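S.K.: See query-v6.txt below, with compact mmCIF, C-alpha atoms.
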```
# COMPACT_ATOMS: atom_id res chain seq x y z
CA MET A 1189 109.53 74.00 61.73
CA THR A 1190 113.09 75.09 62.43
CA ASN A 1191 114.12 78.38 63.95
CA GLU A 1192 114.01 81.15 61.35
CA PRO A 1193 117.18 83.22 60.88
CA ILE A 1194 117.20 86.59 62.63
CA SER A 1195 118.73 89.34 60.54
CA THR A 1196 119.41 92.54 62.48
CA GLN A 1197 121.57 94.47 60.04
CA PRO A 1198 122.44 94.60 56.35
CA GLU A 1199 126.15 94.63 57.05
CA ILE A 1200 128.35 94.32 60.14
CA VAL A 1201 131.35 96.56 60.44
CA THR A 1202 133.80 95.94 63.29
CA GLU A 1203 137.02 97.38 64.53
CA GLY A 1204 139.65 94.79 63.73
CA ASP A 1205 139.30 91.44 62.08
CA PRO A 1206 136.13 89.63 63.14
CA SER A 1207 136.84 86.56 61.04
CA SER A 1208 137.68 84.40 64.03
CA GLY A 1209 134.83 83.52 66.38
CA LYS A 1210 137.34 83.60 69.24
CA LYS A 1211 137.55 87.37 68.88
CA TYR A 1212 133.92 87.55 70.02
CA LEU A 1213 134.31 85.21 73.01
CA LEU A 1214 135.61 87.69 75.63
CA PRO A 1215 133.22 90.48 74.58
CA PHE A 1216 130.32 88.03 74.77
CA ILE A 1217 131.38 86.87 78.26
CA LEU A 1218 131.55 90.48 79.45
CA VAL A 1219 128.10 91.17 78.00
CA ILE A 1220 126.77 88.08 79.78
CA SER A 1221 127.96 89.61 83.08
CA LEU A 1222 125.75 92.62 82.39
CA PHE A 1223 122.71 90.40 81.89
CA PHE A 1224 123.43 88.82 85.28
CA LEU A 1225 123.91 92.18 87.03
CA TRP A 1226 120.68 93.78 85.86
CA GLY A 1227 118.94 90.51 86.67
CA MET A 1228 120.22 90.91 90.23
CA ALA A 1229 118.80 94.43 90.41
CA HIS A 1230 115.35 93.42 89.19
CA ASN A 1231 115.08 90.30 91.31
CA LEU A 1232 116.20 92.06 94.47
CA ASP A 1233 113.18 94.29 93.89
CA SER A 1234 111.02 91.22 94.56
CA ILE A 1235 112.58 91.12 98.02
CA LEU A 1236 112.48 94.89 98.51
CA ILE A 1237 108.74 95.18 97.90
CA PRO A 1238 107.58 93.06 100.87
CA HIS A 1239 110.56 94.21 102.95
CA LEU A 1240 110.13 97.97 102.50
CA LYS A 1241 106.35 97.53 102.78
CA LYS A 1242 107.11 96.33 106.29
CA ALA A 1243 110.02 98.68 107.11
CA CYS A 1244 108.26 101.81 105.81
CA ASN A 1245 104.74 100.73 106.87
CA LEU A 1246 103.19 100.86 103.37
CA ASN A 1247 100.06 99.52 101.70
CA ASN A 1248 100.20 97.35 98.56
CA LYS A 1249 99.79 100.25 96.15
CA GLN A 1250 102.54 102.27 97.82
CA SER A 1251 104.92 99.30 97.83
CA THR A 1252 104.60 98.92 94.04
CA LEU A 1253 106.16 102.38 93.62
CA ILE A 1254 109.43 100.44 93.91
CA ASP A 1255 108.67 98.90 90.52
CA THR A 1256 107.30 102.19 89.21
CA SER A 1257 110.54 104.04 90.09
CA VAL A 1258 112.74 101.50 88.31
CA PHE A 1259 110.65 100.90 85.22
CA PHE A 1260 109.49 104.48 84.70
CA ALA A 1261 113.19 105.27 84.38
CA TYR A 1262 113.26 102.94 81.37
CA PHE A 1263 110.55 105.01 79.71
CA LEU A 1264 112.26 108.35 80.38
CA MET A 1265 115.80 107.19 79.64
CA ALA A 1266 115.20 105.00 76.59
CA ILE A 1267 115.50 107.85 74.05
CA PRO A 1268 118.54 109.46 75.74
CA ALA A 1269 120.13 106.03 76.07
CA GLY A 1270 119.51 105.39 72.37
CA MET A 1271 121.10 108.76 71.53
CA ILE A 1272 124.10 107.96 73.74
CA LEU A 1273 124.42 104.57 72.07
CA LYS A 1274 124.26 106.08 68.59
CA LYS A 1275 126.80 108.81 69.42
CA TRP A 1276 129.24 107.02 71.74
CA GLY A 1277 128.84 103.37 70.78
CA TYR A 1278 128.28 100.20 72.76
CA LYS A 1279 131.29 100.25 75.09
CA ALA A 1280 130.89 103.80 76.41
CA THR A 1281 127.15 103.30 76.88
CA MET A 1282 127.73 100.12 78.89
CA ILE A 1283 130.31 101.82 81.14
CA SER A 1284 127.98 104.79 81.70
CA GLY A 1285 125.20 102.40 82.64
CA LEU A 1286 127.41 100.55 85.14
CA LEU A 1287 128.51 103.79 86.86
CA THR A 1288 124.95 105.10 87.08
CA PHE A 1289 123.77 101.75 88.45
CA ALA A 1290 126.52 101.83 91.11
CA PHE A 1291 125.62 105.37 92.19
CA GLY A 1292 122.01 104.34 92.76
CA ALA A 1293 123.10 101.30 94.76
CA PHE A 1294 125.24 103.43 97.08
CA LEU A 1295 122.26 105.77 97.72
CA PHE A 1296 120.63 102.92 99.65
CA VAL A 1297 122.88 103.81 102.59
CA PRO A 1298 121.46 107.31 103.30
CA ALA A 1299 117.98 106.03 102.45
CA ALA A 1300 118.23 103.33 105.13
CA ASN A 1301 119.93 105.62 107.66
CA ASN A 1302 117.13 108.18 107.38
CA LEU A 1303 114.32 105.63 106.87
CA SER A 1304 113.33 107.67 103.83
CA TYR A 1305 111.11 105.85 101.36
CA ILE A 1306 111.42 108.80 98.97
CA THR A 1307 115.21 108.42 98.96
CA PHE A 1308 114.82 104.69 98.29
CA LEU A 1309 112.61 105.53 95.32
CA ILE A 1310 115.12 108.10 94.01
CA ALA A 1311 117.92 105.52 94.34
CA LEU A 1312 115.83 102.95 92.48
CA PHE A 1313 115.03 105.48 89.74
CA ILE A 1314 118.76 106.15 89.27
CA ILE A 1315 119.40 102.41 89.18
CA GLY A 1316 116.66 102.16 86.53
CA CYS A 1317 118.44 104.82 84.45
CA GLY A 1318 121.64 102.81 84.61
CA LEU A 1319 119.82 99.61 83.69
CA THR A 1320 118.25 101.35 80.70
CA MET A 1321 121.67 102.23 79.30
CA LEU A 1322 122.88 98.69 79.91
CA GLU A 1323 119.89 97.02 78.27
CA THR A 1324 119.72 99.47 75.35
CA SER A 1325 123.31 98.62 74.50
CA ALA A 1326 123.80 95.01 75.67
CA ASN A 1327 120.66 93.46 74.11
CA PRO A 1328 121.39 94.52 70.51
CA TYR A 1329 125.13 94.00 71.05
CA ALA A 1330 124.55 90.37 72.03
CA ALA A 1331 122.17 89.97 69.08
CA VAL A 1332 124.61 91.26 66.44
CA LEU A 1333 127.82 89.86 67.97
CA GLY A 1334 128.20 87.02 65.48
CA ASP A 1335 126.17 85.10 62.91
CA PRO A 1336 122.79 86.85 62.32
CA ALA A 1337 121.11 83.46 61.87
CA LYS A 1338 121.92 82.62 65.50
CA ALA A 1339 120.87 85.94 67.03
CA THR A 1340 117.82 84.56 68.88
CA SER A 1341 119.77 81.65 70.34
CA ARG A 1342 122.67 83.93 71.28
CA LEU A 1343 120.35 86.43 72.96
CA ASN A 1344 118.56 83.66 74.85
CA LEU A 1345 121.92 82.24 75.98
CA ALA A 1346 123.01 85.63 77.34
CA ALA A 1347 119.60 86.11 78.91
CA SER A 1348 119.96 82.72 80.63
CA PHE A 1349 122.42 84.40 82.98
CA ASN A 1350 119.86 87.10 83.59
CA GLY A 1351 117.65 84.19 84.61
CA LEU A 1352 120.40 82.83 86.87
CA ALA A 1353 120.14 86.07 88.84
CA ALA A 1354 116.46 85.29 89.42
CA MET A 1355 117.67 82.38 91.57
CA VAL A 1356 120.69 84.04 93.21
CA ALA A 1357 119.03 87.35 94.16
CA PRO A 1358 116.25 85.80 96.32
CA MET A 1359 118.88 83.67 98.09
CA ILE A 1360 120.92 86.77 98.94
CA GLY A 1361 117.81 88.74 99.83
CA GLY A 1362 116.45 85.95 102.00
CA LEU A 1363 119.76 85.65 103.88
CA PHE A 1364 120.75 89.30 104.28
CA ILE A 1365 117.64 91.47 103.84
CA LEU A 1366 114.58 89.61 105.14
CA SER A 1367 114.59 89.30 108.93
CA GLY A 1368 111.66 86.93 109.34
CA LYS A 1369 110.16 89.36 111.85
CA SER A 1370 106.74 90.83 111.25
CA HIS A 1371 104.11 92.57 113.35
CA THR A 1372 100.41 93.10 112.85
CA LYS A 1373 98.91 96.59 112.85
CA GLU A 1374 97.67 95.95 116.37
CA GLU A 1375 101.12 94.91 117.60
CA LEU A 1376 102.72 97.98 116.03
CA ALA A 1377 100.11 100.23 117.60
CA ALA A 1378 100.83 98.67 121.02
CA MET A 1379 104.58 99.51 120.78
CA THR A 1380 106.09 102.68 122.13
CA GLU A 1381 107.05 105.22 119.48
CA ALA A 1382 110.75 104.62 120.21
CA GLY A 1383 110.31 100.84 119.95
CA ARG A 1384 108.39 101.14 116.69
CA ASN A 1385 111.01 103.44 115.14
CA SER A 1386 113.79 101.13 116.28
CA TYR A 1387 112.05 98.19 114.61
CA PHE A 1388 111.59 100.12 111.33
CA LEU A 1389 115.22 101.34 111.32
CA GLU A 1390 116.53 97.83 112.01
CA GLU A 1391 114.51 96.45 109.10
CA ALA A 1392 115.66 99.21 106.73
CA ALA A 1393 119.33 98.84 107.73
CA SER A 1394 119.51 95.27 106.42
CA VAL A 1395 119.58 96.49 102.80
CA LYS A 1396 122.83 98.40 103.20
CA THR A 1397 125.40 95.59 103.03
CA PRO A 1398 123.95 93.88 99.92
CA TYR A 1399 123.68 97.15 97.99
CA ILE A 1400 127.11 98.44 99.02
CA SER A 1401 128.57 95.11 97.86
CA LEU A 1402 126.64 95.35 94.58
CA GLY A 1403 127.91 98.91 94.00
CA ILE A 1404 131.53 97.83 94.50
CA VAL A 1405 131.13 94.93 92.05
CA LEU A 1406 129.65 97.31 89.47
CA LEU A 1407 132.63 99.67 89.77
CA VAL A 1408 135.04 96.76 89.27
CA ILE A 1409 133.15 95.56 86.17
CA ALA A 1410 133.14 99.13 84.79
CA LEU A 1411 136.94 99.24 85.15
CA ILE A 1412 137.29 95.93 83.33
CA PHE A 1413 135.12 97.23 80.47
CA TYR A 1414 137.24 100.39 80.31
CA PHE A 1415 140.52 98.51 79.88
CA ILE A 1416 139.31 95.63 77.68
CA HIS A 1417 138.96 96.16 73.92
CA LEU A 1418 135.45 95.52 72.59
CA PRO A 1419 134.70 95.43 68.84
CA GLU A 1420 132.38 98.33 68.03
CA ILE A 1421 129.80 96.68 65.81
CA LYS A 1422 127.90 99.11 63.61
CA THR A 1423 125.11 98.83 61.12
CA LYS A 1424 126.02 100.38 57.81
CA SER A 1425 124.03 101.19 54.72
CA ILE A 1426 125.16 100.84 51.13
CA ASP A 1427 126.30 104.45 50.84
CA GLY A 1428 128.61 103.91 53.83
CA GLU A 1429 126.73 105.85 56.51
CA ALA A 1430 124.68 104.46 59.38
CA LYS A 1431 121.03 105.44 59.09
CA GLY A 1432 117.80 104.79 60.92
CA SER A 1433 115.51 107.08 62.89
CA PHE A 1434 113.61 106.77 66.16
CA PHE A 1435 110.06 107.32 64.91
CA GLY A 1436 110.84 106.05 61.42
CA SER A 1437 111.67 102.62 62.84
CA LEU A 1438 107.99 102.17 63.75
CA ARG A 1439 107.15 101.74 60.07
CA HIS A 1440 107.99 98.09 60.72
CA LYS A 1441 104.68 96.51 61.78
CA HIS A 1442 106.30 93.60 63.59
CA LEU A 1443 108.41 96.03 65.64
CA ARG A 1444 105.25 97.90 66.69
CA TRP A 1445 103.66 94.64 67.84
CA ALA A 1446 106.90 93.67 69.61
CA VAL A 1447 106.79 96.92 71.57
CA ILE A 1448 103.20 96.17 72.64
CA ALA A 1449 104.02 92.56 73.52
CA GLN A 1450 107.11 93.60 75.48
CA PHE A 1451 105.09 96.19 77.44
CA PHE A 1452 102.66 93.51 78.59
CA TYR A 1453 105.28 90.80 79.08
CA VAL A 1454 107.44 92.95 81.37
CA GLY A 1455 104.34 94.05 83.25
CA ALA A 1456 103.36 90.40 83.73
CA GLN A 1457 106.81 89.33 84.92
CA VAL A 1458 107.07 92.17 87.42
CA CYS A 1459 103.54 91.50 88.70
CA VAL A 1460 104.25 87.81 89.22
CA THR A 1461 107.57 88.32 91.01
CA SER A 1462 106.65 91.42 93.01
CA PHE A 1463 103.76 89.73 94.77
CA PHE A 1464 105.24 86.22 94.86
CA ILE A 1465 106.29 86.32 98.52
CA ARG A 1466 102.99 87.77 99.66
CA MET A 1467 101.12 85.17 97.58
CA ALA A 1468 103.21 82.40 99.17
CA GLN A 1469 102.33 83.81 102.60
CA GLN A 1470 98.64 84.34 101.89
CA GLY A 1471 97.92 81.49 99.49
CA GLY A 1472 100.40 78.92 100.78
CA GLY A 1473 100.42 79.89 104.44
CA PHE A 1474 104.23 80.15 104.55
CA ASP A 1475 106.26 82.50 106.74
CA GLU A 1476 108.45 85.20 105.18
CA LYS A 1477 111.68 83.17 105.09
CA THR A 1478 109.98 80.08 103.66
CA ALA A 1479 108.21 82.23 101.07
CA ALA A 1480 111.61 83.62 100.05
CA SER A 1481 112.93 80.07 99.60
CA TYR A 1482 110.06 79.35 97.20
CA LEU A 1483 111.04 82.49 95.30
CA VAL A 1484 114.50 80.89 94.92
CA VAL A 1485 112.79 77.83 93.41
CA TYR A 1486 110.90 80.17 91.08
CA GLY A 1487 114.25 81.68 90.07
CA PHE A 1488 115.68 78.22 89.46
CA LEU A 1489 112.76 77.33 87.19
CA PHE A 1490 113.14 80.67 85.38
CA THR A 1491 116.83 79.91 84.82
CA ALA A 1492 116.13 76.33 83.74
CA GLY A 1493 113.52 77.66 81.33
CA ARG A 1494 116.09 79.97 79.72
CA PHE A 1495 118.57 77.17 79.09
CA ALA A 1496 115.84 74.75 78.00
CA GLY A 1497 114.38 77.41 75.72
CA THR A 1498 117.78 78.07 74.14
CA ALA A 1499 118.00 74.35 73.34
CA LEU A 1500 114.42 74.09 72.06
CA LEU A 1501 114.97 77.05 69.73
CA GLN A 1502 117.27 74.82 67.71
CA PHE A 1503 114.23 72.73 66.75
CA ILE A 1504 111.15 74.96 67.15
CA SER A 1505 110.61 78.37 65.60
CA SER A 1506 110.95 81.18 68.14
CA ASN A 1507 107.45 82.58 67.53
CA LYS A 1508 105.84 79.15 67.93
CA LEU A 1509 107.67 78.45 71.20
CA LEU A 1510 106.69 81.92 72.44
CA ALA A 1511 103.00 81.23 71.67
CA ILE A 1512 103.09 77.82 73.39
CA TYR A 1513 104.71 79.26 76.51
CA ALA A 1514 102.24 82.18 76.61
CA LEU A 1515 99.26 79.81 76.41
CA ILE A 1516 100.61 77.65 79.25
CA SER A 1517 101.24 80.80 81.33
CA ILE A 1518 97.59 81.83 80.87
CA ILE A 1519 96.45 78.43 82.19
CA LEU A 1520 98.81 78.69 85.18
CA CYS A 1521 97.50 82.17 86.00
CA LEU A 1522 93.97 80.74 86.08
CA ILE A 1523 95.14 78.10 88.57
CA ALA A 1524 96.74 80.81 90.71
CA ILE A 1525 93.56 82.90 90.68
CA LEU A 1526 90.97 80.15 91.19
CA GLY A 1527 92.91 77.54 93.14
CA LYS A 1528 93.47 77.10 96.86
CA GLY A 1529 96.40 75.89 98.94
CA SER A 1530 100.12 75.63 98.34
CA TYR A 1531 99.78 74.37 94.76
CA VAL A 1532 98.80 77.96 93.87
CA VAL A 1533 102.41 78.83 94.66
CA TYR A 1534 103.60 75.90 92.58
CA ALA A 1535 101.64 77.32 89.64
CA LEU A 1536 103.43 80.65 90.05
CA GLY A 1537 106.77 78.85 90.14
CA ALA A 1538 105.91 77.11 86.89
CA ILE A 1539 105.04 80.47 85.31
CA GLY A 1540 108.69 81.39 85.91
CA PHE A 1541 109.77 78.53 83.64
CA PHE A 1542 107.43 79.51 80.83
CA MET A 1543 108.09 83.26 81.06
CA SER A 1544 111.81 82.68 80.78
CA ILE A 1545 112.28 83.02 77.02
CA MET A 1546 109.73 85.76 76.44
CA PHE A 1547 111.80 88.94 76.75
CA PRO A 1548 114.78 87.93 74.57
CA THR A 1549 112.53 86.20 72.04
CA ILE A 1550 110.20 89.19 71.66
CA PHE A 1551 113.26 91.44 71.43
CA ALA A 1552 114.96 89.37 68.73
CA LEU A 1553 111.74 88.98 66.70
CA GLY A 1554 111.08 92.71 67.01
CA ILE A 1555 114.43 93.76 65.51
CA ASP A 1556 114.42 90.98 62.92
CA GLY A 1557 115.19 92.41 59.49
CA ILE A 1558 114.96 96.11 60.41
CA GLY A 1559 118.58 96.82 59.38
CA ASP A 1560 119.62 100.41 60.08
CA ASP A 1561 116.65 100.79 62.44
CA THR A 1562 118.13 98.23 64.86
CA LYS A 1563 119.40 100.79 67.40
CA PRO A 1564 116.30 103.03 67.46
CA GLY A 1565 114.13 99.91 67.39
CA SER A 1566 116.01 98.64 70.44
CA SER A 1567 115.24 101.92 72.19
CA TRP A 1568 111.51 101.41 71.55
CA LEU A 1569 111.71 97.90 72.97
CA ILE A 1570 113.51 99.19 76.06
CA MET A 1571 110.93 101.99 76.45
CA SER A 1572 108.21 99.36 76.46
CA ILE A 1573 109.65 98.08 79.74
CA VAL A 1574 107.58 100.88 81.30
CA GLY A 1575 104.90 98.17 81.52
CA GLY A 1576 106.78 97.12 84.66
CA ALA A 1577 106.01 100.54 86.16
CA ILE A 1578 102.34 100.76 85.24
CA LEU A 1579 100.83 97.29 85.52
CA PRO A 1580 102.12 96.31 89.01
CA PHE A 1581 100.71 99.60 90.34
CA GLY A 1582 97.36 98.59 88.83
CA MET A 1583 97.73 95.14 90.38
CA GLY A 1584 98.47 96.62 93.81
CA SER A 1585 95.46 98.93 93.52
CA LEU A 1586 93.25 95.97 92.52
CA ILE A 1587 94.50 93.93 95.49
CA ASP A 1588 93.78 96.78 97.93
CA MET A 1589 90.36 97.29 96.33
CA TYR A 1590 89.44 93.65 97.04
CA GLY A 1591 90.52 93.71 100.67
CA ASP A 1592 94.15 92.61 100.29
CA ASN A 1593 93.18 89.65 98.07
CA ILE A 1594 96.46 88.78 96.33
CA GLN A 1595 94.93 86.08 94.12
CA ILE A 1596 92.52 88.39 92.30
CA GLY A 1597 95.48 90.58 91.40
CA TYR A 1598 96.92 87.82 89.20
CA SER A 1599 94.19 88.50 86.64
CA ILE A 1600 96.48 91.34 85.48
CA PRO A 1601 99.37 89.08 84.31
CA LEU A 1602 96.79 86.70 82.78
CA ILE A 1603 95.59 89.49 80.48
CA CYS A 1604 99.20 90.39 79.69
CA PHE A 1605 99.98 86.88 78.47
CA VAL A 1606 97.06 87.10 76.04
CA PHE A 1607 98.92 89.91 74.22
CA VAL A 1608 102.13 87.87 74.19
CA LEU A 1609 100.18 84.93 72.74
CA TYR A 1610 98.87 87.11 69.91
CA PHE A 1611 102.38 88.36 69.10
CA GLY A 1612 103.66 84.79 68.91
CA LEU A 1613 100.80 83.78 66.60
CA ARG A 1614 100.51 86.78 64.29
CA GLY A 1615 102.16 89.99 65.42
CA TYR A 1616 105.74 88.79 64.83
CA LYS A 1617 105.25 88.53 61.07
CA ILE A 1618 107.31 90.88 58.91
CA ALA A 1619 105.21 92.81 56.43
CA HIS A 1620 106.79 92.43 52.99
CA LYS A 1621 106.18 95.29 50.60
```
Written as structure tokens, that's how I'd like the structure from this file.

M.R.:
Amino acid sequence: MTNEPISTQPEIVTEGDPSSGKKYLLPFILVISLFFLWGMAHNLDSILIPHLKKACNLNNKQSTLIDTSVFFAYFLMAIPAGMILKKWGYKATMISGLLTFAFGAFLFVPAANNLSYITFLIALFIIGCGLTMLETSANPYAAVLGDPAKATSRLNLAASFNGLAAMVAPMIGGLFILSGKSHTKEELAAMTEAGRNSYFLEEAASVKTPYISLGIVLLVIALIFYFIHLPEIKTKSIDGEAKGSFFGSLRHKHLRWAVIAQFFYVGAQVCVTSFFIRMAQQGGGFDEKTAASYLVVYGFLFTAGRFAGTALLQFISSNKLLAIYALISIILCLIAILGKGSYVVYALGAIGFFMSIMFPTIFALGIDGIGDDTKPGSSWLIMSIVGGAILPFGMGSLIDMYGDNIQIGYSIPLICFVFVLYFGLRGYKIAHK
């Protein structure tokens, strides 16, 4: 079965002549850069969770508030971001997202200087707000920027660079953030108060250079977006005016199921990556630096999965490939939960490969054929990212409940992949009236 065409709008209206595909090349490259940048933000969180757990002396549940801060912002900002997108258009929304993202990155400096976990969480929440604006605008923009029949492939190609960040971010984090130093509770208790505070401050300070550098890059990209012309692609109805409503878009059954599937997929991805380093330490017996290197391998497999998935979508329908990958991910989760030794970590790395296509594929299937509801439908799909705020917190609580047993926590992503499997088998279908 070949990949089914994805239709996201009844008519495309652009500024200027869109007849030449070359006119879309530069805009598409710029959009790809956004996919990479928010991928960097999310995958640095995988480094921040074990690092700030150590620097701020947190338990597992407290450390997952890093994810909660970022992904709860998606829930709160999705509707405002959708309103901004509808009123100002794609370009202005992307620039606003970049500036907000940069502001949050720069807040890491006072957070580290004052060893304030609350300030870190505020900075991450602001970053999450910026990411919401970027994703609300860039995902549908990539989907509609060209032939509707190639929307899924185009979105997966752009998302491949989001996957590339899953490999680059752990490399940067492993080199510049993780120190490789760790102390047991007994060793910390034996230190003087001044020595303990010095250790915590030194650990926290390592985040400043990477996040200052990230903030500067974001400002540069925002300037490029400001001065470069981007075609403002709009959906338009027969009477000439763009329509579609936020709650009205949920009349599409397949969009409703896409929102549910995206909630659980994002929750699963964040759960897997957030506890990857600690699983590699506990399950594989690796030290912190070695565990980070395995996270790089995970990122490589995630990236490879994106490119491989983009190629496979030329021959296999997107819903079928999604279902196959979800089923394999369920099996790999079982290995991670029940197995012993380093191959548990290998199973988690393999999950990265099979998770790779899930977000863009669910997104493209969710907005398939919804026409004027594409923008509000995109807001719902971005709101569903709140799964990344809720489910990791549940996973951290479960791990603490079972005496710091990381493996039992992976039952949470296993359940999540069951919902993704159902969407790939049945939930994706468009109800024809």

S.K.: Have a look at A:Met1271, A:Leu1232, A:Leu1303, A:Ala1479 and name the one nearest to Leu1402 of chain A; count all atoms listed in the file.

M.R.: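 When distances to Leu1402 of chain A are compared using all atoms listed in the file, the smallest one comes from A:Leu1232.
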
S.K.: Between atom CA of Ile1409 of chain A and atom CA of Phe1289 of chain A, what is the distance, to one decimal in Å?

M.R.: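 These atoms are spaced 11.5 Å apart.
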
S.K.: Using all atoms listed in the file and a cutoff of 9 Å, can you tell me which residues are near (112.7, 100.1, 109.0) in the file's coordinates, and write them out as a list in words?

M.R.: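 I get His1239, Leu1240, Lys1242, Ala1243, Cys1244, Asn1245, Ala1300, Leu1303, Arg1384, Asn1385, Ser1386, Tyr1387, Phe1388, Leu1389, Glu1390, Glu1391, Ala1392, Ala1393 and Ser1394 of chain A for the residues within 9 Å of that point.
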
S.K.: Tell me which of A:Trp1276, A:Trp1445, A:Phe1294, A:Tyr1399 sits closest to Ser1325 of chain A, counting only C-alpha atoms.

M.R.: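 Once distances to Ser1325 of chain A are computed over only C-alpha atoms, the minimum belongs to A:Trp1276.
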
S.K.: Separation of atom CA of Ser1530 of chain A and atom CA of His1230 of chain A, in Å?

M.R.: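 One can read the atom CA of Ser1530 of chain A to atom CA of His1230 of chain A distance as 25.1 Å.
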
S.K.: Within 8 Å of (113.4, 91.9, 75.0) in the file's own coordinates, which protein, DNA or RNA residues have an atom, counting only C-alpha atoms? List them as a list of chain:residue names.

M.R.: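 The distance filter leaves exactly A:Asn1327, A:Gln1450, A:Met1546, A:Phe1547, A:Pro1548, A:Thr1549, A:Ile1550, A:Phe1551, A:Ala1552, A:Leu1569, A:Ile1570.
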
S.K.: Mind dumping a table of every segment 1494-1600 of chain A residue within 8 Å of segment 1340-1357 of chain A, with the nearest atom pair and its distance in Å to one decimal, using all atoms listed in the file, sorted by chain and rising number, as JSON lines?

M.R.:
```
{"residue": "A:Arg1494", "atom": "CA", "partner": "A:Ser1348", "partner_atom": "CA", "distance": 4.8}
{"residue": "A:Phe1495", "atom": "CA", "partner": "A:Ser1348", "partner_atom": "CA", "distance": 5.9}
{"residue": "A:Gly1497", "atom": "CA", "partner": "A:Asn1344", "partner_atom": "CA", "distance": 7.6}
{"residue": "A:Thr1498", "atom": "CA", "partner": "A:Ser1341", "partner_atom": "CA", "distance": 5.6}
{"residue": "A:Leu1501", "atom": "CA", "partner": "A:Ser1341", "partner_atom": "CA", "distance": 6.7}
{"residue": "A:Gln1502", "atom": "CA", "partner": "A:Ser1341", "partner_atom": "CA", "distance": 7.7}
{"residue": "A:Ser1506", "atom": "CA", "partner": "A:Thr1340", "partner_atom": "CA", "distance": 7.7}
{"residue": "A:Ser1544", "atom": "CA", "partner": "A:Gly1351", "partner_atom": "CA", "distance": 7.1}
{"residue": "A:Ile1545", "atom": "CA", "partner": "A:Asn1344", "partner_atom": "CA", "distance": 6.7}
{"residue": "A:Pro1548", "atom": "CA", "partner": "A:Asn1344", "partner_atom": "CA", "distance": 5.7}
{"residue": "A:Thr1549", "atom": "CA", "partner": "A:Thr1340", "partner_atom": "CA", "distance": 6.4}
{"residue": "A:Ala1552", "atom": "CA", "partner": "A:Thr1340", "partner_atom": "CA", "distance": 5.6}
{"residue": "A:Leu1553", "atom": "CA", "partner": "A:Thr1340", "partner_atom": "CA", "distance": 7.8}
```

S.K.: Which value, in Å to one decimal, gives the distance between atom CA of Ala1449 of chain A and atom CA of Phe1607 of chain A?

M.R.: 5.8 Å

S.K.: Using only C-alpha atoms, find the one residue out of A:Gln1250, A:Gln1595, A:Ser1257, A:Thr1307 that sits nearest to Phe1463 of chain A.

M.R.: A:Gln1595

S.K.: From the options A:Ile1600, A:Ile1519, A:Leu1443, A:Val1408, which residue's atoms come nearest to Ile1555 of chain A, counting all atoms listed in the file?

M.R.: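 Smallest distance to Ile1555 of chain A is found for A:Leu1443.
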
S.K.: Of the residues A:Gly1612, A:Gly1527, A:Gly1471, A:Gly1292, which is the one nearest to Ile1448 of chain A, using all atoms listed in the file?

M.R.: A:Gly1612

S.K.: Nearest residue to Leu1222 of chain A out of A:Leu1322, A:Ala1299, A:Leu1264, A:Leu1510, using all atoms listed in the file?

M.R.: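 Among the listed residues, A:Leu1322 lies closest to Leu1222 of chain A.
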
S.K.: Find the residues near Ser1367 of chain A: any atom within 9 Å, counting all atoms listed in the file, skip ones fewer than 2 places away on the same chain, and give them as a list in words.

M.R.: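 Listing them by chain and then by number gives His1239, Gly1362, Leu1363, Phe1364, Ile1365, Lys1369, Ser1370, Glu1391, Ser1394, Glu1476 and Lys1477 of chain A.
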